[in-house]
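Pasted below: entry.cif, mmCIF, C-alpha atoms.
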```
data_entry
loop_
_atom_site.label_atom_id
_atom_site.label_comp_id
_atom_site.auth_asym_id
_atom_site.auth_seq_id
_atom_site.Cartn_x
_atom_site.Cartn_y
_atom_site.Cartn_z
CA MET D 6 210.26 156.14 54.80
CA LYS D 7 209.17 153.24 52.78
CA ASN D 8 206.96 151.97 55.66
CA VAL D 9 205.19 155.33 56.02
CA LYS D 10 204.41 155.43 52.37
CA LYS D 11 203.14 151.90 52.57
CA ASN D 12 200.80 152.67 55.50
CA LEU D 13 199.38 155.78 53.83
CA LYS D 14 198.76 153.84 50.75
CA ASN D 15 196.89 151.15 52.69
CA TYR D 16 194.83 153.77 54.60
CA PHE D 17 193.63 155.64 51.59
CA SER D 18 192.92 152.45 49.81
CA ASN D 19 190.66 151.31 52.77
CA GLY D 20 189.08 154.77 53.46
CA PRO D 21 185.66 154.24 51.95
CA LYS D 22 185.22 151.09 53.99
CA THR D 23 186.01 152.89 57.27
CA ILE D 24 183.60 155.71 56.57
CA PHE D 25 180.86 153.25 55.81
CA VAL D 26 181.41 151.43 59.07
CA VAL D 27 181.30 154.65 61.08
CA MET D 28 178.14 155.81 59.37
CA LEU D 29 176.56 152.43 59.98
CA LEU D 30 177.37 152.61 63.68
CA LEU D 31 175.92 156.11 63.97
CA THR D 32 172.77 155.01 62.19
CA CYS D 33 172.35 152.05 64.54
CA ILE D 34 172.84 154.23 67.59
CA THR D 35 170.32 156.77 66.30
CA VAL D 36 167.75 154.09 65.57
CA THR D 37 168.30 152.51 68.97
CA ILE D 38 167.85 155.86 70.75
CA PHE D 39 164.78 156.62 68.68
CA ASN D 40 163.31 153.25 69.54
CA MET D 41 164.01 153.83 73.23
CA GLN D 42 162.09 157.14 73.32
CA LYS D 43 158.53 157.04 74.69
CA ALA D 44 155.79 159.55 74.25
CA ILE D 45 153.47 159.47 77.27
CA SER D 46 150.67 161.71 78.61
CA VAL D 47 150.52 162.91 82.22
CA ILE D 48 147.01 164.20 82.95
CA VAL D 49 146.93 166.40 86.08
CA ASP D 50 143.40 167.34 87.19
CA GLY D 51 142.19 166.91 83.60
CA LYS D 52 145.02 168.95 82.06
CA SER D 53 147.31 166.87 79.81
CA ILE D 54 151.10 167.23 79.76
CA GLU D 55 152.81 165.50 76.83
CA VAL D 56 156.18 164.01 77.77
CA THR D 57 158.86 162.45 75.50
CA THR D 58 161.43 160.56 77.52
CA LEU D 59 163.98 157.78 77.49
CA LYS D 60 163.18 156.97 81.11
CA SER D 61 160.86 154.13 82.10
CA ASN D 62 160.47 154.65 85.86
CA VAL D 63 157.41 156.74 86.83
CA THR D 64 159.20 158.53 89.67
CA GLN D 65 162.09 159.53 87.38
CA ILE D 66 159.72 160.70 84.65
CA LEU D 67 157.77 162.94 87.06
CA LYS D 68 160.96 164.33 88.63
CA SER D 69 162.65 165.08 85.29
CA ASN D 70 159.53 166.94 84.16
CA ASN D 71 159.10 168.89 87.42
CA ILE D 72 155.75 167.28 88.24
CA ALA D 73 155.51 167.24 92.05
CA LEU D 74 153.34 164.63 93.74
CA GLY D 75 151.86 165.54 97.15
CA ALA D 76 151.35 163.04 99.99
CA LYS D 77 147.59 162.92 99.42
CA ASP D 78 147.65 163.24 95.60
CA GLN D 79 146.28 160.26 93.73
CA ILE D 80 148.03 158.62 90.78
CA THR D 81 146.71 155.79 88.62
CA VAL D 82 150.03 153.86 88.53
CA SER D 83 152.57 152.93 91.17
CA LEU D 84 155.63 155.15 91.38
CA ASP D 85 158.05 152.26 90.79
CA SER D 86 156.24 150.89 87.77
CA LYS D 87 157.60 150.97 84.21
CA VAL D 88 155.85 152.84 81.41
CA LYS D 89 155.78 152.23 77.69
CA ASP D 90 155.15 154.39 74.71
CA GLY D 91 151.63 155.78 74.55
CA ASP D 92 150.83 155.24 78.25
CA LYS D 93 148.67 157.74 80.15
CA ILE D 94 149.26 158.64 83.77
CA TYR D 95 146.41 160.30 85.62
CA ILE D 96 147.11 162.46 88.67
CA LYS D 97 144.45 164.04 90.88
CA LYS D 98 145.80 166.76 93.14
CA ALA D 99 144.57 166.87 96.73
CA VAL D 100 142.47 169.87 97.85
CA ASN D 101 142.12 171.40 101.31
CA VAL D 102 138.81 170.93 103.11
CA LYS D 103 137.70 171.61 106.70
CA VAL D 104 135.78 168.97 108.58
CA THR D 105 134.09 169.92 111.87
CA VAL D 106 133.13 166.86 113.90
CA ASP D 107 133.03 165.85 117.59
CA GLY D 108 133.77 169.40 118.72
CA LYS D 109 136.93 169.79 116.62
CA THR D 110 137.76 171.25 113.21
CA ARG D 111 140.25 169.30 111.12
CA ASN D 112 142.13 170.63 108.09
CA ILE D 113 142.24 167.73 105.65
CA GLN D 114 144.02 167.29 102.34
CA THR D 115 142.21 164.85 100.10
CA ALA D 116 142.03 163.83 96.48
CA GLU D 117 138.78 161.92 96.86
CA LYS D 118 135.93 162.84 94.55
CA THR D 119 133.03 163.09 96.99
CA VAL D 120 132.39 163.96 100.63
CA GLU D 121 131.43 160.35 101.33
CA ALA D 122 134.68 159.01 99.83
CA MET D 123 136.72 161.52 101.82
CA LEU D 124 135.03 160.49 105.10
CA LYS D 125 135.74 156.84 104.35
CA ALA D 126 139.39 157.56 103.52
CA GLU D 127 139.78 159.56 106.75
CA LYS D 128 138.00 156.85 108.76
CA ILE D 129 135.28 159.27 109.95
CA VAL D 130 132.31 157.02 110.65
CA LEU D 131 128.73 158.32 110.57
CA SER D 132 125.67 156.72 112.11
CA ASP D 133 122.35 156.59 110.30
CA LYS D 134 121.04 159.44 112.45
CA ASP D 135 123.99 161.81 112.13
CA LYS D 136 123.52 164.95 110.06
CA ILE D 137 126.02 166.25 107.51
CA THR D 138 126.29 169.36 105.34
CA PRO D 139 126.86 169.40 102.46
CA SER D 140 125.44 166.01 101.52
CA LYS D 141 127.68 162.96 101.23
CA SER D 142 127.19 162.84 97.45
CA ASP D 143 128.53 166.38 96.90
CA SER D 144 131.84 166.79 95.04
CA LEU D 145 134.88 168.06 96.89
CA LYS D 146 136.48 171.39 96.10
CA SER D 147 139.18 173.45 97.72
CA GLY D 148 137.99 175.37 100.78
CA LEU D 149 134.86 173.23 101.27
CA ALA D 150 133.58 173.20 104.88
CA VAL D 151 131.99 169.94 105.99
CA ASN D 152 129.96 170.01 109.20
CA ILE D 153 128.90 166.82 110.97
CA THR D 154 126.29 166.83 113.73
CA ARG D 155 126.30 163.77 115.95
CA VAL D 156 122.73 162.69 116.70
CA ASN D 157 121.84 160.13 119.34
CA THR D 158 118.68 159.19 121.20
CA GLU D 159 118.36 157.80 124.71
CA ASN D 160 115.38 156.73 126.77
CA ARG D 161 115.13 158.71 129.99
CA LYS D 162 113.09 157.76 133.03
CA GLU D 163 111.99 160.45 135.46
CA THR D 164 110.03 160.08 138.68
CA LYS D 165 107.59 162.94 139.21
CA THR D 166 105.03 163.74 141.85
CA VAL D 167 101.32 163.75 141.13
CA ASP D 168 99.53 166.56 142.95
CA PHE D 169 96.57 165.65 145.11
CA ALA D 170 93.13 167.17 144.70
CA THR D 171 91.50 169.23 147.44
CA GLU D 172 87.86 168.83 148.44
CA THR D 173 86.11 171.37 150.63
CA LYS D 174 83.11 170.42 152.73
CA SER D 175 80.84 172.77 154.63
CA SER D 176 80.75 172.27 158.38
CA GLY D 177 78.23 173.75 160.77
CA GLU D 178 80.47 172.69 163.63
CA LEU D 179 83.10 175.28 162.79
CA LYS D 180 82.99 179.04 163.00
CA LYS D 181 82.20 180.69 159.70
CA GLY D 182 85.34 181.04 157.59
CA VAL D 183 87.41 178.70 159.73
CA LYS D 184 89.12 175.85 157.88
CA LYS D 185 90.14 172.52 159.30
CA VAL D 186 91.96 169.67 157.55
CA ILE D 187 90.05 166.49 158.27
CA GLN D 188 92.04 164.34 155.80
CA LYS D 189 95.59 165.25 154.94
CA GLY D 190 96.46 165.08 151.26
CA LYS D 191 99.32 162.98 149.94
CA VAL D 192 101.08 163.31 146.59
CA GLY D 193 101.37 160.32 144.28
CA GLN D 194 104.27 159.26 142.11
CA LYS D 195 104.57 158.44 138.43
CA VAL D 196 107.41 157.29 136.21
CA ILE D 197 107.69 159.09 132.87
CA THR D 198 109.70 157.47 130.08
CA SER D 199 110.77 159.80 127.26
CA ALA D 200 112.90 159.48 124.12
CA VAL D 201 115.42 162.33 124.32
CA VAL D 202 117.27 163.44 121.18
CA PHE D 203 120.74 164.99 121.50
CA GLU D 204 122.69 166.85 118.82
CA ASN D 205 126.39 167.18 119.58
CA GLY D 206 125.58 166.35 123.20
CA LYS D 207 122.89 169.02 123.56
CA GLU D 208 119.27 168.07 124.17
CA VAL D 209 117.08 169.30 121.31
CA SER D 210 113.80 167.41 121.67
CA LYS D 211 111.91 165.01 123.89
CA LYS D 212 109.04 162.67 123.06
CA LEU D 213 106.82 161.05 125.67
CA LEU D 214 106.83 157.27 125.47
CA SER D 215 104.88 156.19 128.55
CA GLU D 216 103.57 157.20 131.98
CA ASN D 217 103.20 154.67 134.76
CA LEU D 218 101.56 155.50 138.09
CA ASN D 219 103.51 154.09 141.02
CA SER D 220 101.24 155.43 143.74
CA LYS D 221 97.94 157.25 143.59
CA PRO D 222 97.54 160.63 145.26
CA VAL D 223 95.28 160.92 148.30
CA LYS D 224 92.95 163.90 148.18
CA GLU D 225 92.93 166.42 150.97
CA ILE D 226 89.57 167.12 152.61
CA ILE D 227 89.04 170.48 154.27
CA ALA D 228 86.07 171.40 156.44
CA LEU D 229 84.97 175.00 155.94
CA GLY D 230 83.06 176.45 158.85
CA THR D 231 79.63 177.89 158.14
CA ALA D 232 78.48 178.47 161.72
CA ASN D 233 77.80 182.01 162.89
CA VAL D 234 79.58 182.50 166.20
CA TYR D 235 79.14 185.21 168.74
CA THR D 236 81.67 185.66 171.52
CA PRO D 237 80.28 187.40 174.60
CA SER D 238 82.47 189.61 176.74
CA ARG D 239 82.50 186.96 179.45
CA GLY D 240 84.10 184.52 176.99
CA GLY D 241 83.10 181.40 175.17
CA ASP D 242 81.66 181.04 171.68
CA ILE D 243 77.97 180.93 170.88
CA LYS D 244 76.91 179.42 167.60
CA TYR D 245 73.81 180.99 166.18
CA THR D 246 71.64 180.74 163.12
CA LYS D 247 70.17 184.22 163.16
CA LYS D 248 70.92 187.57 164.70
CA MET D 249 68.14 190.05 165.51
CA LYS D 250 67.83 193.45 167.13
CA VAL D 251 64.84 193.61 169.47
CA ARG D 252 63.27 195.69 172.23
CA ALA D 253 63.67 193.81 175.50
CA THR D 254 61.49 194.43 178.55
CA ALA D 255 61.45 192.51 181.85
CA TYR D 256 58.81 190.89 184.00
CA THR D 257 58.41 188.79 187.15
CA ALA D 258 55.71 186.40 188.46
CA ASP D 259 53.85 188.86 190.65
CA LEU D 260 50.35 190.29 190.60
CA ASN D 261 51.39 193.45 188.85
CA CYS D 262 52.98 191.60 185.92
CA THR D 263 50.78 188.52 185.62
CA GLY D 264 47.51 189.49 187.38
CA LYS D 265 47.77 186.31 189.45
CA GLY D 266 47.91 186.23 193.24
CA PRO D 267 50.03 184.04 195.47
CA ASN D 268 47.34 181.38 195.78
CA ASP D 269 46.67 181.17 192.06
CA PRO D 270 47.82 177.72 190.84
CA GLY D 271 48.85 179.32 187.50
CA LEU D 272 51.20 181.77 189.20
CA GLY D 273 54.64 181.57 187.54
CA ILE D 274 53.47 179.03 185.00
CA THR D 275 54.27 179.87 181.37
CA SER D 276 51.91 179.46 178.42
CA THR D 277 53.69 176.21 177.55
CA GLY D 278 52.98 174.83 181.05
CA ASN D 279 56.51 175.18 182.37
CA LYS D 280 57.52 177.10 185.47
CA ALA D 281 59.20 180.40 184.66
CA LYS D 282 62.75 180.61 185.95
CA ARG D 283 65.79 182.77 186.00
CA ASN D 284 68.87 180.57 185.68
CA PRO D 285 72.10 182.59 185.20
CA GLY D 286 74.05 179.36 184.75
CA GLY D 287 71.55 177.84 182.30
CA TYR D 288 68.53 178.82 180.23
CA SER D 289 66.16 181.46 181.61
CA THR D 290 62.55 181.96 180.54
CA ILE D 291 61.55 184.73 178.13
CA ALA D 292 58.28 185.65 176.48
CA VAL D 293 58.17 186.18 172.71
CA ASP D 294 55.85 186.75 169.77
CA PRO D 295 55.75 183.19 168.41
CA SER D 296 55.13 184.49 164.90
CA VAL D 297 58.58 186.07 165.10
CA ILE D 298 60.43 183.68 167.39
CA PRO D 299 58.97 180.15 167.62
CA LEU D 300 58.32 178.80 171.11
CA GLY D 301 61.08 176.46 172.25
CA THR D 302 63.78 178.48 170.50
CA LYS D 303 67.03 178.74 172.42
CA LEU D 304 68.90 182.00 172.14
CA TRP D 305 71.42 184.32 173.67
CA VAL D 306 70.38 187.77 174.85
CA GLU D 307 73.03 190.43 175.28
CA GLY D 308 73.27 191.46 178.92
CA TYR D 309 70.95 188.62 180.02
CA GLY D 310 72.48 185.33 178.94
CA TYR D 311 71.04 182.05 177.66
CA ALA D 312 67.27 181.99 177.30
CA ILE D 313 64.48 179.82 175.94
CA ALA D 314 61.30 181.13 174.28
CA ASP D 315 58.82 179.51 176.68
CA ASP D 316 56.11 182.13 177.18
CA ILE D 317 53.98 184.69 175.38
CA GLY D 318 52.39 187.94 176.44
CA GLY D 319 49.62 190.22 175.26
CA ALA D 320 51.99 193.16 174.88
CA ILE D 321 54.73 191.12 173.19
CA LYS D 322 54.26 191.76 169.48
CA GLY D 323 56.84 191.80 166.68
CA ASN D 324 60.48 192.30 167.56
CA VAL D 325 59.83 192.52 171.27
CA ILE D 326 60.83 190.08 174.02
CA ASP D 327 60.10 189.98 177.75
CA LEU D 328 62.81 188.70 180.10
CA TYR D 329 61.86 186.83 183.27
CA TYR D 330 63.43 187.82 186.62
CA ASP D 331 62.80 186.38 190.05
CA SER D 332 62.12 189.79 191.64
CA SER D 333 60.49 193.08 190.78
CA GLU D 334 63.68 194.93 191.67
CA GLU D 335 65.65 193.03 189.05
CA SER D 336 63.03 193.60 186.42
CA TYR D 337 62.94 197.31 187.28
CA ASP D 338 66.72 197.46 187.01
CA TRP D 339 66.53 196.04 183.54
CA GLY D 340 63.83 198.35 182.42
CA SER D 341 63.45 198.44 178.63
CA ARG D 342 66.31 198.53 176.18
CA ASN D 343 67.35 197.58 172.63
CA VAL D 344 69.59 194.53 172.46
CA ASN D 345 70.95 192.01 170.02
CA ILE D 346 69.76 188.47 170.34
CA TYR D 347 71.25 185.35 168.74
CA LEU D 348 68.93 182.49 167.85
CA MET D 349 70.68 179.20 168.35
CA ASN D 350 68.26 176.76 166.66
#
```
Could you write out this file's structure as structure tokens?
Amino acid sequence: MKNVKKNLKNYFSNGPKTIFVVMLLLTCITVTIFNMQKAISVIVDGKSIEVTTLKSNVTQILKSNNIALGAKDQITVSLDSKVKDGDKIYIKKAVNVKVTVDGKTRNIQTAEKTVEAMLKAEKIVLSDKDKITPSKSDSLKSGLAVNITRVNTENRKETKTVDFATETKSSGELKKGVKKVIQKGKVGQKVITSAVVFENGKEVSKKLLSENLNSKPVKEIIALGTANVYTPSRGGDIKYTKKMKVRATAYTADLNCTGKGPNDPGLGITSTGNKAKRNPGGYSTIAVDPSVIPLGTKLWVEGYGYAIADDIGGAIKGNVIDLYYDSSEESYDWGSRNVNIYLMN
């Protein structure tokens, strides 16, 4: 009993000291905790979130404040770094953009500021000639569609034919209207070099660079017949220069036709000094009006054959001819008729 009283007496006598010690400890703890607290700013896409925390690790701070960080989000500090009071952490959230390139459309999450920065981050390389919409300097925003057109140019060589020219020459050796190739034409060849522009593999334009002639064309020469040709019923072609319709009579070298007897040295002699003849296989003698048909003219007479204008007669005027026969009977058989004649020269 005495010991209990003694202990109580000692306790109450030391009480103020104990309370002071406890209060001192609490004050130290409070000061320490207060000194450990940090006020930092987390700025997400320009919007500031004020955070007071005892934690120093960035990852822990974000997690404890329910600030999620996506795989493509950008942050200005490393996640395992330590922060101190007054620090600012900047976070830029990634946005969704669509990039169409090389025939494919890619859905890309990116936190880059511009189209150009996004392409660099995604390792999408552009050539100087490639086209892009919107422009590389445009800012990114959610839902933006970026279209890239691949542009390339290649030099193309093509071998083409060069058409030959055609020359037509008149020919009196051919029947009128008849054509004959006297020199066959030949095409030439040329090599054309062009700069061809492709967009996404499709040809969009072509610019001529050069033309080189490998072989010259050879012109074709065609003879066009101008000769008038008559084809008798017995066959063969007769080229003529003029066609006439005349009245044809017949005569023979007798007294009745020429007024010359058998002993007359001029019997059967034409006005040109030649002997009149009937030659079915060659040229027979006929009398003409030389003002209409010049003497010496060769011709064809329908129903009579080849003839030569070798004689004249007093009754032969204008479009009239007189055909020579060897006998009176033949001349009588002919009589007088209208025929076509074809002058040959």
Need the neighbours of (59.7, 193.1, 182.0): which residues are at most 8 Å away, counting all atoms listed in the file, as a VMD selection string? chain D and resid 253 to 257 262 327 to 330 336 to 337 339 to 341
For Ser238 (chain D), which of D:Thr110, D:Ser142, D:Gly323, D:Glu307 is the closest residue, counting all atoms listed in the file? D:Glu307
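If you look at CA of Asp242 (chain D) and CA of Ile317 (chain D), they are 28.2 Å away from each other.
For region 170-178 of chain D, the residues within 7 Å (counting only C-alpha atoms, excluding itself and residues fewer than 6 positions away along the chain) are Lys224, Glu225, Ile226, Ile227, Ala228, Leu229, Gly230, Thr231 and Ala232 of chain D.
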Using all atoms listed in the file: which of D:Asn157, D:Ser220, D:Ser215, D:Thr164 has the shortest distance to Phe203 (chain D): D:Asn157
Can you spell out as a PyMOL selection string the set of residues that the PyMOL selection byres ((chain D and resi 195) around 6) selects in the structure I just provided? chain D and resi 164-165+194+196+217-219
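Considering the residues D:Leu213, D:Asp269, D:Lys128, D:Asn350 and counting only C-alpha atoms, Lys247 (chain D) has its shortest atom-to-atom contact with D:Asn350.
For the set D:Arg155, D:Lys189, D:Arg239, D:Lys181, the residue with the smallest atom-to-atom gap to Asn205 (chain D) is D:Arg155, counting all atoms listed in the file.
Take CA of Val293 (chain D) and CA of Pro237 (chain D): the distance between them is 22.2 Å.
The interatomic distance for the pair CA of Leu74 (chain D) and CA of Ser144 (chain D) works out to 21.6 Å.
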Can you spell out as a PDB file with C-alpha atoms, in the frame of the given file the set of residues that the PyMOL selection byres ((chain D and resi 64) around 9) selects in the structure I just provided?
```
ATOM      1  CA  SER D  61     160.860 154.130  82.100  1.00  0.00           C
ATOM      2  CA  ASN D  62     160.470 154.650  85.860  1.00  0.00           C
ATOM      3  CA  VAL D  63     157.410 156.740  86.830  1.00  0.00           C
ATOM      4  CA  GLN D  65     162.090 159.530  87.380  1.00  0.00           C
ATOM      5  CA  ILE D  66     159.720 160.700  84.650  1.00  0.00           C
ATOM      6  CA  LEU D  67     157.770 162.940  87.060  1.00  0.00           C
ATOM      7  CA  LYS D  68     160.960 164.330  88.630  1.00  0.00           C
ATOM      8  CA  SER D  69     162.650 165.080  85.290  1.00  0.00           C
ATOM      9  CA  SER D  83     152.570 152.930  91.170  1.00  0.00           C
ATOM     10  CA  LEU D  84     155.630 155.150  91.380  1.00  0.00           C
ATOM     11  CA  ASP D  85     158.050 152.260  90.790  1.00  0.00           C
ATOM     12  CA  SER D  86     156.240 150.890  87.770  1.00  0.00           C
TER      13      SER D  86
END
```
Closest of D:Lys162, D:Lys185, D:Lys134, D:Lys303 to Val202 (chain D), counting all atoms listed in the file, is D:Lys134
Go through the shown structure with the PyMOL selection byres ((chain D and resi 47) around 6) and write out the matching residues as a PDB file with C-alpha atoms, keeping the file's coordinate frame.
```
ATOM      1  CA  SER D  46     150.670 161.710  78.610  1.00  0.00           C
ATOM      2  CA  ILE D  48     147.010 164.200  82.950  1.00  0.00           C
ATOM      3  CA  SER D  53     147.310 166.870  79.810  1.00  0.00           C
ATOM      4  CA  ILE D  54     151.100 167.230  79.760  1.00  0.00           C
ATOM      5  CA  LYS D  93     148.670 157.740  80.150  1.00  0.00           C
ATOM      6  CA  ILE D  94     149.260 158.640  83.770  1.00  0.00           C
ATOM      7  CA  TYR D  95     146.410 160.300  85.620  1.00  0.00           C
TER       8      TYR D  95
END
```
Distance criterion (all atoms listed in the file): nearest to Ile326 (chain D) out of D:Gly310, D:Pro295, D:Asp133, D:Met349: D:Pro295
Can you save region 173-194 of chain D of the given block to a file, including N, CA and C atoms and formatted as a CSV table (one decimal), in the first residue's frame?
```csv
chain,number,residue,atom,x,y,z
D,173,THR,N,0.9,10.3,-156.1
D,173,THR,CA,0.2,9.7,-157.3
D,173,THR,C,0.7,10.4,-158.5
D,174,LYS,N,1.1,9.6,-159.5
D,174,LYS,CA,1.5,10.1,-160.8
D,174,LYS,C,0.6,9.7,-161.9
D,175,SER,N,0.3,10.6,-162.8
D,175,SER,CA,-0.5,10.2,-164.0
D,175,SER,C,0.3,9.3,-164.9
D,176,SER,N,-0.4,8.3,-165.5
D,176,SER,CA,0.2,7.4,-166.5
D,176,SER,C,-0.7,7.2,-167.6
D,177,GLY,N,-0.1,7.6,-168.8
D,177,GLY,CA,-0.9,7.3,-170.1
D,177,GLY,C,-0.8,5.9,-170.5
D,178,GLU,N,0.0,5.1,-169.8
D,178,GLU,CA,0.2,3.7,-170.2
D,178,GLU,C,-0.9,2.8,-169.5
D,179,LEU,N,-1.6,3.4,-168.6
D,179,LEU,CA,-2.6,2.6,-167.9
D,179,LEU,C,-4.0,3.1,-168.2
D,180,LYS,N,-5.0,2.1,-168.2
D,180,LYS,CA,-6.4,2.5,-168.5
D,180,LYS,C,-6.8,3.5,-167.5
D,181,LYS,N,-7.7,4.4,-167.9
D,181,LYS,CA,-8.2,5.5,-167.1
D,181,LYS,C,-8.8,4.9,-165.8
D,182,GLY,N,-8.3,5.4,-164.6
D,182,GLY,CA,-8.9,5.0,-163.4
D,182,GLY,C,-8.1,3.8,-162.7
D,183,VAL,N,-7.3,3.2,-163.5
D,183,VAL,CA,-6.6,2.0,-163.0
D,183,VAL,C,-5.3,2.5,-162.2
D,184,LYS,N,-5.1,1.9,-161.0
D,184,LYS,CA,-4.0,2.3,-160.2
D,184,LYS,C,-3.0,1.1,-160.2
D,185,LYS,N,-1.7,1.5,-160.1
D,185,LYS,CA,-0.6,0.6,-160.1
D,185,LYS,C,0.5,1.1,-159.2
D,186,VAL,N,0.9,0.3,-158.2
D,186,VAL,CA,2.0,0.7,-157.3
D,186,VAL,C,3.3,0.5,-158.0
D,187,ILE,N,4.0,1.5,-158.2
D,187,ILE,CA,5.3,1.4,-158.8
D,187,ILE,C,6.5,1.5,-157.9
D,188,GLN,N,6.2,2.0,-156.6
D,188,GLN,CA,7.1,2.0,-155.5
D,188,GLN,C,6.4,1.7,-154.2
D,189,LYS,N,6.6,0.6,-153.6
D,189,LYS,CA,5.9,0.3,-152.4
D,189,LYS,C,6.4,1.1,-151.2
D,190,GLY,N,5.5,1.6,-150.5
D,190,GLY,CA,5.8,2.5,-149.3
D,190,GLY,C,6.3,1.6,-148.1
D,191,LYS,N,7.0,2.2,-147.3
D,191,LYS,CA,7.6,1.6,-146.1
D,191,LYS,C,7.5,2.5,-144.9
D,192,VAL,N,7.0,2.1,-143.8
D,192,VAL,CA,6.9,2.9,-142.6
D,192,VAL,C,8.3,3.1,-142.0
D,193,GLY,N,8.5,4.2,-141.3
D,193,GLY,CA,9.7,4.5,-140.6
D,193,GLY,C,9.5,4.2,-139.1
D,194,GLN,N,10.5,4.4,-138.3
D,194,GLN,CA,10.4,4.2,-136.9
D,194,GLN,C,11.0,5.4,-136.2
```
